[in-house]
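Student: Input file: model.pdb. Contents: PDB, C-alpha atoms.
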```
ATOM      1  CA  MET A  17       4.396  -0.813 -16.440
ATOM      2  CA  MET A  18       3.794  -0.629 -20.186
ATOM      3  CA  ILE A  19       5.969  -2.671 -22.531
ATOM      4  CA  SER A  20       6.748  -1.641 -26.111
ATOM      5  CA  SER A  21       9.207  -2.582 -28.818
ATOM      6  CA  SER A  22      10.101   0.996 -29.689
ATOM      7  CA  LYS A  23      12.395   3.104 -27.558
ATOM      8  CA  ARG A  24      10.061   6.074 -27.758
ATOM      9  CA  SER A  25       7.071   4.023 -26.672
ATOM     10  CA  THR A  26       9.115   2.461 -23.898
ATOM     11  CA  ALA A  27      10.124   5.870 -22.617
ATOM     12  CA  LEU A  28       6.540   7.055 -22.725
ATOM     13  CA  ALA A  29       5.475   3.874 -20.983
ATOM     14  CA  ILE A  30       7.926   4.409 -18.160
ATOM     15  CA  LEU A  31       6.635   7.933 -17.741
ATOM     16  CA  ALA A  32       3.087   6.609 -17.680
ATOM     17  CA  VAL A  33       4.029   4.149 -14.942
ATOM     18  CA  GLY A  34       5.319   6.973 -12.812
ATOM     19  CA  LEU A  35       2.140   8.960 -13.320
ATOM     20  CA  LEU A  36      -0.013   5.959 -12.476
ATOM     21  CA  ALA A  37       1.973   5.311  -9.346
ATOM     22  CA  LEU A  38       1.540   8.925  -8.313
ATOM     23  CA  THR A  39      -2.114   9.488  -9.134
ATOM     24  CA  GLY A  40      -3.729   6.182  -9.919
ATOM     25  CA  CYS A  41      -4.402   4.665  -6.572
ATOM     26  CA  THR A  42      -3.616   4.046  -2.955
ATOM     27  CA  ASN A  43      -1.027   4.387  -1.578
ATOM     28  CA  ALA A  44       1.768   6.770  -1.652
ATOM     29  CA  SER A  45       3.934   6.707   1.432
ATOM     30  CA  GLN A  46       1.358   6.885   4.173
ATOM     31  CA  THR A  47       2.641   6.926   7.721
ATOM     32  CA  ALA A  48       0.191   7.325  10.526
ATOM     33  CA  GLY A  49       2.541   9.150  12.840
ATOM     34  CA  GLY A  50       4.504   8.193  15.900
ATOM     35  CA  THR A  51       7.296   5.648  16.087
ATOM     36  CA  ALA A  52       7.033   2.640  13.824
ATOM     37  CA  PRO A  53       6.695  -0.592  15.784
ATOM     38  CA  ASP A  54       9.460  -3.135  15.867
ATOM     39  CA  SER A  55       8.934  -6.561  14.357
ATOM     40  CA  THR A  56       6.184  -8.546  16.058
ATOM     41  CA  GLY A  57       8.551 -11.471  16.325
ATOM     42  CA  PHE A  58       7.638 -13.273  13.120
ATOM     43  CA  ASP A  59      10.482 -15.629  12.323
ATOM     44  CA  PRO A  60      10.880 -16.544   8.637
ATOM     45  CA  ALA A  61      12.784 -19.633   9.773
ATOM     46  CA  SER A  62       9.403 -20.983  10.869
ATOM     47  CA  VAL A  63       8.358 -21.148   7.201
ATOM     48  CA  ALA A  64       9.389 -24.331   5.426
ATOM     49  CA  ARG A  65      10.969 -24.195   1.988
ATOM     50  CA  ASP A  66       8.742 -25.589  -0.769
ATOM     51  CA  ASP A  67      11.035 -27.330  -3.231
ATOM     52  CA  ALA A  68       8.463 -27.452  -6.024
ATOM     53  CA  LEU A  69       7.744 -23.729  -5.800
ATOM     54  CA  ALA A  70      11.428 -22.954  -5.470
ATOM     55  CA  ALA A  71      12.110 -24.837  -8.689
ATOM     56  CA  SER A  72       9.518 -22.719 -10.502
ATOM     57  CA  VAL A  73      11.262 -19.430  -9.750
ATOM     58  CA  PRO A  74      12.571 -17.778 -12.944
ATOM     59  CA  ASP A  75      16.243 -18.532 -13.565
ATOM     60  CA  ALA A  76      17.328 -14.894 -13.319
ATOM     61  CA  ILE A  77      16.168 -14.707  -9.706
ATOM     62  CA  ARG A  78      17.097 -18.233  -8.690
ATOM     63  CA  SER A  79      20.659 -17.771  -9.966
ATOM     64  CA  LYS A  80      21.281 -14.696  -7.844
ATOM     65  CA  GLY A  81      19.668 -16.277  -4.796
ATOM     66  CA  THR A  82      18.005 -13.057  -3.700
ATOM     67  CA  ILE A  83      14.644 -11.496  -4.357
ATOM     68  CA  THR A  84      14.726  -7.701  -4.291
ATOM     69  CA  VAL A  85      11.637  -5.867  -3.112
ATOM     70  CA  GLY A  86      10.866  -2.190  -3.612
ATOM     71  CA  ALA A  87       8.872  -0.575  -0.801
ATOM     72  CA  ASP A  88       8.115   2.943   0.312
ATOM     73  CA  THR A  89       8.967   2.274   3.939
ATOM     74  CA  SER A  90       6.878   5.069   5.430
ATOM     75  CA  TYR A  91       3.502   3.337   5.517
ATOM     76  CA  ALA A  92       3.183   1.806   8.969
ATOM     77  CA  PRO A  93       1.983  -0.730   9.857
ATOM     78  CA  ALA A  94       2.395  -2.225   6.374
ATOM     79  CA  GLU A  95       5.948  -1.154   5.630
ATOM     80  CA  SER A  96       8.049   1.320   7.577
ATOM     81  CA  LEU A  97      11.423   1.727   9.242
ATOM     82  CA  GLY A  98      11.884   0.583  12.824
ATOM     83  CA  GLY A  99      13.990  -1.804  14.837
ATOM     84  CA  SER A 100      16.715  -0.824  17.270
ATOM     85  CA  ASP A 101      18.443   1.329  14.650
ATOM     86  CA  GLY A 102      15.280   2.918  13.332
ATOM     87  CA  GLN A 103      16.362   1.963   9.821
ATOM     88  CA  THR A 104      15.249  -1.657   9.582
ATOM     89  CA  PRO A 105      12.252  -2.362   7.323
ATOM     90  CA  VAL A 106       9.349  -3.684   9.409
ATOM     91  CA  GLY A 107       5.637  -4.256   8.892
ATOM     92  CA  TYR A 108       3.265  -6.912   7.695
ATOM     93  CA  ASN A 109       4.331  -6.445   4.075
ATOM     94  CA  VAL A 110       7.960  -6.879   5.081
ATOM     95  CA  ASP A 111       7.026 -10.064   6.917
ATOM     96  CA  PHE A 112       5.180 -11.273   3.828
ATOM     97  CA  ALA A 113       8.315 -10.639   1.777
ATOM     98  CA  LYS A 114      10.373 -12.647   4.261
ATOM     99  CA  ALA A 115       7.847 -15.490   4.217
ATOM    100  CA  ILE A 116       7.924 -15.516   0.421
ATOM    101  CA  GLY A 117      11.706 -15.711   0.483
ATOM    102  CA  ALA A 118      11.697 -18.527   3.017
ATOM    103  CA  THR A 119       9.184 -20.512   0.969
ATOM    104  CA  LEU A 120      11.333 -20.159  -2.136
ATOM    105  CA  GLY A 121      14.696 -20.634  -0.423
ATOM    106  CA  LEU A 122      15.770 -17.116  -1.352
ATOM    107  CA  LYS A 123      17.284 -14.253   0.572
ATOM    108  CA  VAL A 124      15.128 -11.133   0.656
ATOM    109  CA  LYS A 125      16.326  -7.573   0.266
ATOM    110  CA  VAL A 126      13.738  -4.887   0.983
ATOM    111  CA  GLN A 127      14.906  -1.577  -0.467
ATOM    112  CA  THR A 128      13.407   1.762   0.452
ATOM    113  CA  SER A 129      12.118   3.652  -2.564
ATOM    114  CA  GLU A 130       9.952   6.641  -3.352
ATOM    115  CA  PHE A 131       6.505   5.215  -4.006
ATOM    116  CA  THR A 132       6.361   6.606  -7.515
ATOM    117  CA  GLY A 133       9.716   5.020  -8.390
ATOM    118  CA  ILE A 134       8.815   1.403  -7.674
ATOM    119  CA  LEU A 135       6.637   0.383 -10.619
ATOM    120  CA  PRO A 136       8.904   1.856 -13.308
ATOM    121  CA  ALA A 137      11.843  -0.106 -11.840
ATOM    122  CA  LEU A 138      10.169  -3.524 -11.815
ATOM    123  CA  GLY A 139      12.187  -6.077 -13.737
ATOM    124  CA  SER A 140      15.337  -4.000 -13.527
ATOM    125  CA  LYS A 141      16.000  -2.692 -10.031
ATOM    126  CA  TYR A 142      13.239  -4.606  -8.226
ATOM    127  CA  ASP A 143      11.853  -8.096  -8.669
ATOM    128  CA  LEU A 144       8.720  -7.232  -6.706
ATOM    129  CA  GLY A 145       6.918  -4.155  -5.506
ATOM    130  CA  ILE A 146       5.286  -4.777  -2.132
ATOM    131  CA  SER A 147       4.132  -1.359  -1.023
ATOM    132  CA  SER A 148       0.355  -1.476  -0.532
ATOM    133  CA  PHE A 149      -0.461  -0.920  -4.195
ATOM    134  CA  THR A 150      -4.200  -0.938  -4.759
ATOM    135  CA  ILE A 151      -5.156  -2.979  -7.806
ATOM    136  CA  ASN A 152      -7.021  -0.952 -10.421
ATOM    137  CA  SER A 153      -7.689  -1.264 -14.124
ATOM    138  CA  GLU A 154      -4.992   1.212 -15.132
ATOM    139  CA  ARG A 155      -2.296  -0.587 -13.193
ATOM    140  CA  LEU A 156      -3.406  -3.921 -14.586
ATOM    141  CA  LYS A 157      -2.677  -2.613 -18.075
ATOM    142  CA  ALA A 158       0.882  -1.892 -17.051
ATOM    143  CA  VAL A 159       2.024  -4.473 -14.489
ATOM    144  CA  ASN A 160       1.002  -7.850 -13.122
ATOM    145  CA  MET A 161      -0.691  -7.629  -9.752
ATOM    146  CA  VAL A 162      -1.013 -10.490  -7.258
ATOM    147  CA  SER A 163      -3.807  -9.863  -4.767
ATOM    148  CA  TYR A 164      -3.097 -10.453  -1.074
ATOM    149  CA  PHE A 165      -4.904  -7.866   1.079
ATOM    150  CA  ASN A 166      -8.006  -5.646   1.148
ATOM    151  CA  ALA A 167      -8.126  -2.013   2.227
ATOM    152  CA  GLY A 168     -10.581   0.851   1.851
ATOM    153  CA  THR A 169     -10.976   4.529   2.651
ATOM    154  CA  LEU A 170     -11.700   5.760   6.159
ATOM    155  CA  TRP A 171     -11.966   9.199   7.774
ATOM    156  CA  ALA A 172     -10.701  10.480  11.119
ATOM    157  CA  VAL A 173     -11.335  13.589  13.192
ATOM    158  CA  GLN A 174     -10.163  14.892  16.539
ATOM    159  CA  LYS A 175     -11.493  12.973  19.526
ATOM    160  CA  GLY A 176     -15.076  14.005  20.168
ATOM    161  CA  ASN A 177     -15.314  15.653  16.742
ATOM    162  CA  PRO A 178     -15.150  19.172  18.230
ATOM    163  CA  LYS A 179     -15.631  20.800  14.804
ATOM    164  CA  ASN A 180     -18.745  18.723  14.099
ATOM    165  CA  PHE A 181     -17.284  17.558  10.820
ATOM    166  CA  SER A 182     -19.505  15.486   8.542
ATOM    167  CA  VAL A 183     -18.578  13.911   5.224
ATOM    168  CA  ASP A 184     -22.124  14.771   4.135
ATOM    169  CA  ASP A 185     -21.458  18.482   4.750
ATOM    170  CA  ILE A 186     -17.891  18.824   3.529
ATOM    171  CA  CYS A 187     -18.007  21.943   1.331
ATOM    172  CA  GLY A 188     -15.739  24.698   2.621
ATOM    173  CA  LYS A 189     -14.066  22.402   5.146
ATOM    174  CA  THR A 190     -10.336  21.799   5.448
ATOM    175  CA  VAL A 191      -9.360  18.205   4.730
ATOM    176  CA  GLY A 192      -5.913  16.620   4.878
ATOM    177  CA  VAL A 193      -4.797  13.911   2.450
ATOM    178  CA  GLN A 194      -1.485  12.528   1.327
ATOM    179  CA  THR A 195      -0.138  13.281  -2.116
ATOM    180  CA  GLY A 196      -0.622  10.488  -4.621
ATOM    181  CA  THR A 197      -3.461   8.639  -2.922
ATOM    182  CA  THR A 198      -6.933   7.893  -4.173
ATOM    183  CA  GLN A 199      -8.143   9.850  -1.195
ATOM    184  CA  GLU A 200      -6.589  12.938  -2.776
ATOM    185  CA  ASP A 201      -7.813  12.131  -6.277
ATOM    186  CA  PRO A 202     -10.437  11.169  -7.228
ATOM    187  CA  ASP A 203     -12.217  11.072  -3.856
ATOM    188  CA  VAL A 204     -11.717  14.423  -2.114
ATOM    189  CA  SER A 205     -10.953  16.318  -5.315
ATOM    190  CA  GLY A 206     -14.178  14.936  -6.792
ATOM    191  CA  ARG A 207     -16.141  15.975  -3.727
ATOM    192  CA  SER A 208     -14.628  19.455  -3.987
ATOM    193  CA  LYS A 209     -15.649  19.752  -7.635
ATOM    194  CA  ALA A 210     -19.184  18.713  -6.726
ATOM    195  CA  CYS A 211     -19.248  21.493  -4.149
ATOM    196  CA  ALA A 212     -18.129  24.071  -6.698
ATOM    197  CA  ASP A 213     -20.566  22.772  -9.305
ATOM    198  CA  ALA A 214     -23.370  23.241  -6.766
ATOM    199  CA  GLY A 215     -22.310  26.820  -6.109
ATOM    200  CA  LYS A 216     -20.891  26.003  -2.685
ATOM    201  CA  PRO A 217     -17.383  26.700  -1.341
ATOM    202  CA  ALA A 218     -14.765  24.227  -2.553
ATOM    203  CA  ILE A 219     -13.024  21.991  -0.057
ATOM    204  CA  ASN A 220      -9.730  23.360   1.208
ATOM    205  CA  ILE A 221      -7.623  20.309   0.407
ATOM    206  CA  VAL A 222      -4.351  20.191   2.322
ATOM    207  CA  THR A 223      -2.127  17.810   0.375
ATOM    208  CA  LEU A 224       1.088  16.748   2.093
ATOM    209  CA  LYS A 225       3.903  14.432   1.072
ATOM    210  CA  THR A 226       3.730  12.169   4.111
ATOM    211  CA  GLN A 227       0.778  10.916   6.113
ATOM    212  CA  THR A 228       2.730  11.700   9.266
ATOM    213  CA  ASP A 229       2.368  15.384   8.486
ATOM    214  CA  VAL A 230      -1.340  15.011   7.719
ATOM    215  CA  THR A 231      -1.931  13.249  11.028
ATOM    216  CA  THR A 232       0.041  15.899  12.904
ATOM    217  CA  ARG A 233      -2.107  18.630  11.350
ATOM    218  CA  LEU A 234      -5.255  16.854  12.516
ATOM    219  CA  VAL A 235      -3.943  16.356  16.044
ATOM    220  CA  ASN A 236      -3.109  20.061  16.354
ATOM    221  CA  GLY A 237      -6.425  21.113  14.834
ATOM    222  CA  SER A 238      -5.182  22.931  11.755
ATOM    223  CA  ILE A 239      -7.350  20.685   9.544
ATOM    224  CA  ASP A 240     -10.898  19.536  10.181
ATOM    225  CA  ALA A 241     -10.494  15.899   9.149
ATOM    226  CA  MET A 242      -8.260  13.504   7.260
ATOM    227  CA  SER A 243      -8.922  10.684   4.852
ATOM    228  CA  ALA A 244      -6.605   7.723   4.303
ATOM    229  CA  ASP A 245      -6.469   3.962   3.861
ATOM    230  CA  SER A 246      -8.228   2.016   6.597
ATOM    231  CA  PRO A 247      -5.012   0.407   7.979
ATOM    232  CA  ILE A 248      -3.457   3.863   8.230
ATOM    233  CA  ILE A 249      -6.368   5.378  10.109
ATOM    234  CA  GLY A 250      -6.351   2.471  12.554
ATOM    235  CA  TYR A 251      -2.649   2.872  13.117
ATOM    236  CA  ALA A 252      -2.993   6.646  13.561
ATOM    237  CA  LEU A 253      -5.528   6.135  16.316
ATOM    238  CA  SER A 254      -3.209   3.744  18.134
ATOM    239  CA  GLN A 255      -0.228   6.064  17.837
ATOM    240  CA  THR A 256      -1.755   9.404  18.857
ATOM    241  CA  GLY A 257      -2.768   8.663  22.430
ATOM    242  CA  GLY A 258      -6.526   8.803  21.992
ATOM    243  CA  LYS A 259      -6.464  12.225  20.328
ATOM    244  CA  LEU A 260      -8.275  11.012  17.204
ATOM    245  CA  GLU A 261     -11.339   8.954  16.383
ATOM    246  CA  VAL A 262     -12.828   7.260  13.339
ATOM    247  CA  LEU A 263     -15.664   8.971  11.507
ATOM    248  CA  GLY A 264     -18.031   6.691   9.606
ATOM    249  CA  ASP A 265     -17.283   3.348   8.021
ATOM    250  CA  VAL A 266     -14.806   1.968   5.498
ATOM    251  CA  TYR A 267     -15.862   2.424   1.876
ATOM    252  CA  ASP A 268     -14.440   1.718  -1.576
ATOM    253  CA  ALA A 269     -12.643  -1.367  -0.266
ATOM    254  CA  ALA A 270     -10.362  -2.842  -2.910
ATOM    255  CA  PRO A 271      -7.639  -5.469  -3.163
ATOM    256  CA  GLN A 272      -3.997  -4.578  -2.837
ATOM    257  CA  GLY A 273      -1.406  -6.454  -4.807
ATOM    258  CA  ILE A 274       2.219  -7.468  -5.116
ATOM    259  CA  ALA A 275       3.472  -5.804  -8.296
ATOM    260  CA  VAL A 276       5.472  -7.768 -10.860
ATOM    261  CA  ALA A 277       6.825  -6.562 -14.209
ATOM    262  CA  LYS A 278       4.320  -6.992 -17.030
ATOM    263  CA  GLY A 279       6.837  -9.032 -18.983
ATOM    264  CA  ASP A 280       7.243 -11.596 -16.199
ATOM    265  CA  PRO A 281       3.908 -13.414 -15.816
ATOM    266  CA  ALA A 282       5.711 -16.554 -14.627
ATOM    267  CA  LEU A 283       6.987 -14.756 -11.541
ATOM    268  CA  ALA A 284       3.492 -13.420 -10.860
ATOM    269  CA  GLU A 285       2.106 -16.958 -10.938
ATOM    270  CA  VAL A 286       4.777 -18.105  -8.506
ATOM    271  CA  MET A 287       3.899 -15.251  -6.133
ATOM    272  CA  SER A 288       0.227 -16.170  -6.201
ATOM    273  CA  LYS A 289       1.002 -19.820  -5.444
ATOM    274  CA  VAL A 290       3.293 -18.824  -2.576
ATOM    275  CA  MET A 291       0.704 -16.486  -1.066
ATOM    276  CA  ASN A 292      -1.962 -19.182  -1.287
ATOM    277  CA  LYS A 293       0.367 -21.610   0.466
ATOM    278  CA  LEU A 294       0.974 -19.057   3.230
ATOM    279  CA  ILE A 295      -2.776 -18.544   3.531
ATOM    280  CA  SER A 296      -3.476 -22.274   3.778
ATOM    281  CA  ASP A 297      -0.738 -23.082   6.295
ATOM    282  CA  GLY A 298      -1.667 -20.235   8.656
ATOM    283  CA  THR A 299       1.475 -18.128   8.193
ATOM    284  CA  TYR A 300      -0.512 -15.387   6.471
ATOM    285  CA  LYS A 301      -2.986 -15.049   9.332
ATOM    286  CA  LYS A 302      -0.205 -15.144  11.906
ATOM    287  CA  ILE A 303       1.531 -12.224  10.223
ATOM    288  CA  LEU A 304      -1.614 -10.095   9.954
ATOM    289  CA  ASP A 305      -2.668 -10.916  13.517
ATOM    290  CA  GLY A 306       0.740  -9.798  14.700
ATOM    291  CA  TRP A 307       0.195  -6.377  13.137
ATOM    292  CA  ASN A 308      -3.486  -6.104  14.158
ATOM    293  CA  ASN A 309      -4.622  -6.060  10.549
ATOM    294  CA  SER A 310      -6.503  -9.328  10.149
ATOM    295  CA  ALA A 311      -9.585  -7.345   9.055
ATOM    296  CA  GLY A 312      -7.937  -6.936   5.658
ATOM    297  CA  ALA A 313      -7.254 -10.649   5.139
ATOM    298  CA  VAL A 314      -8.244 -12.408   1.923
ATOM    299  CA  THR A 315      -9.009 -16.100   1.471
ATOM    300  CA  LYS A 316      -7.351 -16.470  -1.926
ATOM    301  CA  SER A 317      -4.572 -14.785  -3.884
ATOM    302  CA  GLU A 318      -5.118 -14.219  -7.601
ATOM    303  CA  VAL A 319      -3.036 -12.922 -10.503
ATOM    304  CA  ASN A 320      -4.576  -9.852 -12.127
ATOM    305  CA  PRO A 321      -8.027 -10.188 -10.529
ATOM    306  CA  ALA A 322     -10.988  -8.450 -12.108
ATOM    307  CA  VAL A 323     -11.641  -5.031 -10.551
ATOM    308  CA  THR A 324     -14.373  -2.465 -11.102
ATOM    309  CA  SER A 325     -12.262   0.668 -11.257
TER
END
```
Any chance you could put this one into structure tokens?
Tutor:
Amino acid sequence: MMISSSKRSTALAILAVGLLALTGCTNASQTAGGTAPDSTGFDPASVARDDALAASVPDAIRSKGTITVGADTSYAPAESLGGSDGQTPVGYNVDFAKAIGATLGLKVKVQTSEFTGILPALGSKYDLGISSFTINSERLKAVNMVSYFNAGTLWAVQKGNPKNFSVDDICGKTVGVQTGTTQEDPDVSGRSKACADAGKPAINIVTLKTQTDVTTRLVNGSIDAMSADSPIIGYALSQTGGKLEVLGDVYDAAPQGIAVAKGDPALAEVMSKVMNKLISDGTYKKILDGWNNSAGAVTKSEVNPAVTS
């Protein structure tokens, strides 16, 4: 994320990228639980190549003919593994990657990566990171971000809320979150500190590596509630047979972005132009509709948009 002329600074920068990826924002690898859906049938062949945009692709990518995308493929319905073999990347972000490739006349290779390993590898291992990265001020200091989707925080409880959980009375409750998300820190951790500062019991925060495990804990009742990105909560409800329900409304909505190495602003500009073309020609909406996530649609893609956090 951070670029420097000295080897020491570069090493520290790479470490900082990893820390930002882990703690800075949504999402780590959130999976709502259940089997990931197969492709909705989006066909990248339906997307016409744009010769002008294709010609603007940096030489290093155009010469190899392939754009390599890093994704933590455990965040259904955005990016996960499915298909007949259970190992094929699927999701609306995967479809976006395919549409980008088709527009630019490039093959697309989506590679599964640990979430925290994607940003440090931009410009070397990966050309793009498309893994539901929320855009925040810290990330913007380290990488280029191309906005394309909006998501916020949402809570879920067991159907009927049998434990009478309330976000307004959270002290001493047991809450599940996934490691590395903004729901873990600063949201729930901040709420827990406020409890302690007020002389009340801290929140028992159950932090797990995958959202699948968090969702399973909520279904079996070993936690009182869970907090995650709005697309994840919606997917969890659809995959758990009516055993869960939403609590409250979405808050802290923020744009998500395609990540590009800080030293490659030209590629970021190309990505923004491609996304805006997909928005204008209807491909973008078709993809989101196919994954029941049109609520997160944006009307314009921007490079490094201004954010408040």
Student: Report, as JSON, the centre and edge lengths in Å (one decimal) of the axis-aligned box enclosing every listed atom of stretch 264-275 of chain A, padded by 4 Å on each side.
Tutor:
```
{"center_x": -7.3, "center_y": -0.4, "center_z": 0.7, "size_x": 29.5, "size_y": 22.2, "size_z": 25.9}
```
Student: Counting all atoms listed in the file, which of A:Leu156, A:Ala87, A:Ala269, A:Ala212 gets nearest to A:Ala311?
Tutor: A:Ala269
Student: Any chance you could work out the residue set of the PyMOL selection byres ((chain A and resi 199) around 8) here, as an MDAnalysis selection string?
Tutor: chainID A and resid 42 169 193:194 197:198 200:204 243:245
Student: I'd like to see the residues matched by the PyMOL selection byres ((chain A and resi 223) around 7) on this file, and ideally I'd get them as a list in words.
Tutor: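 That expression, the PyMOL selection byres ((chain A and resi 223) around 7), corresponds here to Gly192, Val193, Gln194, Thr195, Ile221, Val222, Leu224 and Lys225 of chain A.
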Student: What is the distance between atom CA of A:Thr84 and atom CA of A:Asn292, in Å to one decimal?
Tutor: 20.5 Å
Student: Ranking A:Gly98, A:Gly86, A:Gly117, A:Pro321 by minimum distance to A:Ala64 and counting all atoms listed in the file, which one comes first?
Tutor: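 The shortest atom-to-atom distance to A:Ala64 comes from A:Gly117.
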Student: Excluding A:Tyr267 and its own-chain neighbours fewer than 2 positions away, which residues fall within 10 Å of it when counting only C-alpha atoms? Please give them as a PyMOL selection string.
Tutor: chain A and resi 167-171+245-246+264-265+269-270
Student: Can you tell me how far atom CA of A:Phe131 sits from atom CA of A:Lys189, in Å to one decimal?
Tutor: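 Going from atom CA of A:Phe131 over to atom CA of A:Lys189 covers 28.3 Å.
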Student: Using only C-alpha atoms, what table do you get, as JSON lines, when you list each residue of stretch 194-256 of chain A with an atom no more than 12 Å from stretch 176-185 of chain A, its nearest pair of atoms, and their distance in Å rounded to one decimal, rows by chain then rising number?
Tutor:
```
{"residue": "A:Asp203", "atom": "CA", "partner": "A:Val183", "partner_atom": "CA", "distance": 11.4}
{"residue": "A:Val204", "atom": "CA", "partner": "A:Val183", "partner_atom": "CA", "distance": 10.1}
{"residue": "A:Arg207", "atom": "CA", "partner": "A:Val183", "partner_atom": "CA", "distance": 9.5}
{"residue": "A:Ser208", "atom": "CA", "partner": "A:Asp185", "partner_atom": "CA", "distance": 11.1}
{"residue": "A:Ala210", "atom": "CA", "partner": "A:Asp185", "partner_atom": "CA", "distance": 11.7}
{"residue": "A:Cys211", "atom": "CA", "partner": "A:Asp185", "partner_atom": "CA", "distance": 9.7}
{"residue": "A:Lys216", "atom": "CA", "partner": "A:Asp185", "partner_atom": "CA", "distance": 10.6}
{"residue": "A:Pro217", "atom": "CA", "partner": "A:Asp185", "partner_atom": "CA", "distance": 11.0}
{"residue": "A:Ala218", "atom": "CA", "partner": "A:Asp185", "partner_atom": "CA", "distance": 11.5}
{"residue": "A:Ile219", "atom": "CA", "partner": "A:Asp185", "partner_atom": "CA", "distance": 10.3}
{"residue": "A:Leu234", "atom": "CA", "partner": "A:Asn177", "partner_atom": "CA", "distance": 11.0}
{"residue": "A:Val235", "atom": "CA", "partner": "A:Asn177", "partner_atom": "CA", "distance": 11.4}
{"residue": "A:Gly237", "atom": "CA", "partner": "A:Lys179", "partner_atom": "CA", "distance": 9.2}
{"residue": "A:Ser238", "atom": "CA", "partner": "A:Lys179", "partner_atom": "CA", "distance": 11.1}
{"residue": "A:Ile239", "atom": "CA", "partner": "A:Lys179", "partner_atom": "CA", "distance": 9.8}
{"residue": "A:Asp240", "atom": "CA", "partner": "A:Phe181", "partner_atom": "CA", "distance": 6.7}
{"residue": "A:Ala241", "atom": "CA", "partner": "A:Phe181", "partner_atom": "CA", "distance": 7.2}
{"residue": "A:Met242", "atom": "CA", "partner": "A:Phe181", "partner_atom": "CA", "distance": 10.5}
{"residue": "A:Ser243", "atom": "CA", "partner": "A:Val183", "partner_atom": "CA", "distance": 10.2}
```
Student: With only C-alpha atoms as the atoms that count, which of A:Val73, A:Arg233, A:Lys278, A:Lys175 lies nearest to A:Leu135?
Tutor: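 Closest candidate: A:Lys278.
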Student: Give me the residues within 9 Å of stretch 59-63 of chain A as a list in words, counting all atoms listed in the file and dropping any in the same chain fewer than 4 places off.
Tutor: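 Contacts, in chain order: Asp111, Lys114, Ala115, Ile116, Gly117, Ala118, Thr119, Leu294 and Thr299 of chain A.
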Student: Separation of atom CA of A:Ser254 and atom CA of A:Thr128, in Å?
Tutor: 24.3 Å
Student: Kindly indicate which residue among A:Val191, A:Ile248, A:Ala113, A:Ile151 lies nearest to A:Tyr300, using all atoms listed in the file for the distances.
Tutor: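 The closest residue to A:Tyr300 is A:Ala113.
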Student: Using all atoms listed in the file, determine which residues lie at most 9 Å from A:Leu253, disregarding the query and same-chain residues fewer than 6 positions distant; provide the list as a ChimeraX atom specification.
Tutor: /A:48,172,259-262
Student: Can you translate the PyMOL selection byres ((chain A and resi 93) around 7) into the concrete residues it hits in this file, as a PyMOL selection string?
Tutor: chain A and resi 91-92+94-96+107-108+251+307
